[in-house]
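Here's the structure, in structure tokens; my notes come after.
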Amino acid sequence: MYKGLVGDTEPDWVTHEKTLFGTERDMDGDGFLSFEEVKQWIIPDDFDHSHGEAKHLIVKADVNGDSFLSKEEVLEHYDIFVGSSATQFGEVLSRHDEF
């Protein structure tokens with residue numbers, strides 16, 4: 001639990017997380033997170049791993065912020081793609097001429 005210095009006000013992020021805990025995380029309302037509640041928090045049933053990884057790659061490599069990746073941006077951030085599960089950690093890159 002967050003413990004600030006005496007006299008400090010609670011930061012907004014702490015207040016927000018406490019609210020989320022009570023409204024979204026602690027589904028049975030017992031004040032604790034069960035294994036299933038933690039699992040649902042970390043890996044929600046409706047989470048699309050491919051979509052999440054694609055968004056992550058674009059955020060990391062899209063230098064000009066146009067939401068598209070140019071050849072130059074991909075080449076400049078080659079290490080991000082080689083380390084991505086979307087490219088099977090670089091294996092896919094060696095099987096395709098276009099990469």
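Identifiers in this document derive from the order of the structure tokens: chains are assigned A, B, ..., residues are numbered from 1 separately in each chain, and ligands are numbered from 1 in order of occurrence.
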
Applying 12 Å and only C-alpha atoms, which residues near Lys39 in chain A remain after dropping the ones on its own chain fewer than 6 positions away? List them as a PDB file with all heavy atoms, in the first residue's frame.
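Listed below is the output, result24.pdb:
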ATOM      1  N   ARG A  25     -11.189  -4.491 -10.162  1.00  0.00           N
ATOM      2  CA  ARG A  25     -10.264  -5.594  -9.870  1.00  0.00           C
ATOM      3  C   ARG A  25     -10.819  -6.583  -8.841  1.00  0.00           C
ATOM      4  O   ARG A  25     -10.783  -7.776  -9.040  1.00  0.00           O
ATOM      5  CB  ARG A  25      -8.934  -5.041  -9.371  1.00  0.00           C
ATOM      6  CG  ARG A  25      -8.373  -3.941 -10.243  1.00  0.00           C
ATOM      7  CD  ARG A  25      -7.126  -4.355 -10.958  1.00  0.00           C
ATOM      8  NE  ARG A  25      -6.448  -3.227 -11.555  1.00  0.00           N
ATOM      9  CZ  ARG A  25      -6.728  -2.714 -12.746  1.00  0.00           C
ATOM     10  NH1 ARG A  25      -7.690  -3.214 -13.461  1.00  0.00           N
ATOM     11  NH2 ARG A  25      -6.052  -1.690 -13.229  1.00  0.00           N
ATOM     12  N   ASP A  26     -11.315  -6.075  -7.722  1.00  0.00           N
ATOM     13  CA  ASP A  26     -11.816  -6.915  -6.634  1.00  0.00           C
ATOM     14  C   ASP A  26     -13.281  -7.254  -6.903  1.00  0.00           C
ATOM     15  O   ASP A  26     -14.192  -6.692  -6.311  1.00  0.00           O
ATOM     16  CB  ASP A  26     -11.653  -6.172  -5.296  1.00  0.00           C
ATOM     17  CG  ASP A  26     -12.083  -7.007  -4.113  1.00  0.00           C
ATOM     18  OD1 ASP A  26     -12.129  -8.249  -4.209  1.00  0.00           O
ATOM     19  OD2 ASP A  26     -12.371  -6.406  -3.056  1.00  0.00           O
ATOM     20  N   LEU A  33      -7.300  -9.630  -3.817  1.00  0.00           N
ATOM     21  CA  LEU A  33      -7.376 -10.173  -5.168  1.00  0.00           C
ATOM     22  C   LEU A  33      -7.101 -11.670  -5.132  1.00  0.00           C
ATOM     23  O   LEU A  33      -6.059 -12.103  -4.644  1.00  0.00           O
ATOM     24  CB  LEU A  33      -6.359  -9.489  -6.084  1.00  0.00           C
ATOM     25  CG  LEU A  33      -6.591  -8.023  -6.394  1.00  0.00           C
ATOM     26  CD1 LEU A  33      -5.531  -7.498  -7.357  1.00  0.00           C
ATOM     27  CD2 LEU A  33      -7.977  -7.795  -6.970  1.00  0.00           C
ATOM     28  N   ASP A  45      -9.930 -11.772 -20.615  1.00  0.00           N
ATOM     29  CA  ASP A  45     -10.469 -12.738 -21.584  1.00  0.00           C
ATOM     30  C   ASP A  45     -10.584 -12.144 -22.982  1.00  0.00           C
ATOM     31  O   ASP A  45     -10.384 -12.833 -23.973  1.00  0.00           O
ATOM     32  CB  ASP A  45     -11.849 -13.228 -21.142  1.00  0.00           C
ATOM     33  CG  ASP A  45     -11.777 -14.079 -19.889  1.00  0.00           C
ATOM     34  OD1 ASP A  45     -10.716 -14.694 -19.643  1.00  0.00           O
ATOM     35  OD2 ASP A  45     -12.784 -14.133 -19.154  1.00  0.00           O
ATOM     36  N   PHE A  47      -8.725  -9.812 -24.373  1.00  0.00           N
ATOM     37  CA  PHE A  47      -7.500  -9.171 -24.839  1.00  0.00           C
ATOM     38  C   PHE A  47      -7.008  -9.833 -26.120  1.00  0.00           C
ATOM     39  O   PHE A  47      -6.863 -11.045 -26.188  1.00  0.00           O
ATOM     40  CB  PHE A  47      -6.406  -9.245 -23.769  1.00  0.00           C
ATOM     41  CG  PHE A  47      -5.133  -8.553 -24.176  1.00  0.00           C
ATOM     42  CD1 PHE A  47      -5.059  -7.177 -24.252  1.00  0.00           C
ATOM     43  CD2 PHE A  47      -4.002  -9.287 -24.512  1.00  0.00           C
ATOM     44  CE1 PHE A  47      -3.894  -6.536 -24.633  1.00  0.00           C
ATOM     45  CE2 PHE A  47      -2.832  -8.657 -24.894  1.00  0.00           C
ATOM     46  CZ  PHE A  47      -2.778  -7.282 -24.955  1.00  0.00           C
TER      47      PHE A  47
END

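Here CA of Glu72 in chain A stands at a distance of 18.0 Å from CA of Lys55 in chain A.
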
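Pairwise distance (CA of Glu73 in chain A, CA of Ala61 in chain A) equals 5.9 Å.
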
**OP:** Would you mind writing down, as number ranges by chain, each residue of chain A that DSSP on the backbone assigns to helix (DSSP H, G or I)?
**Re:** A: 12-25, 35-42, 49-61, 71-76, 78-82, 85-87, 92-94

Original post:
How many Å lie between CA of Phe81 in chain A and CA of Asp62 in chain A, rounded to one decimal?
Top reply: 12.3 Å
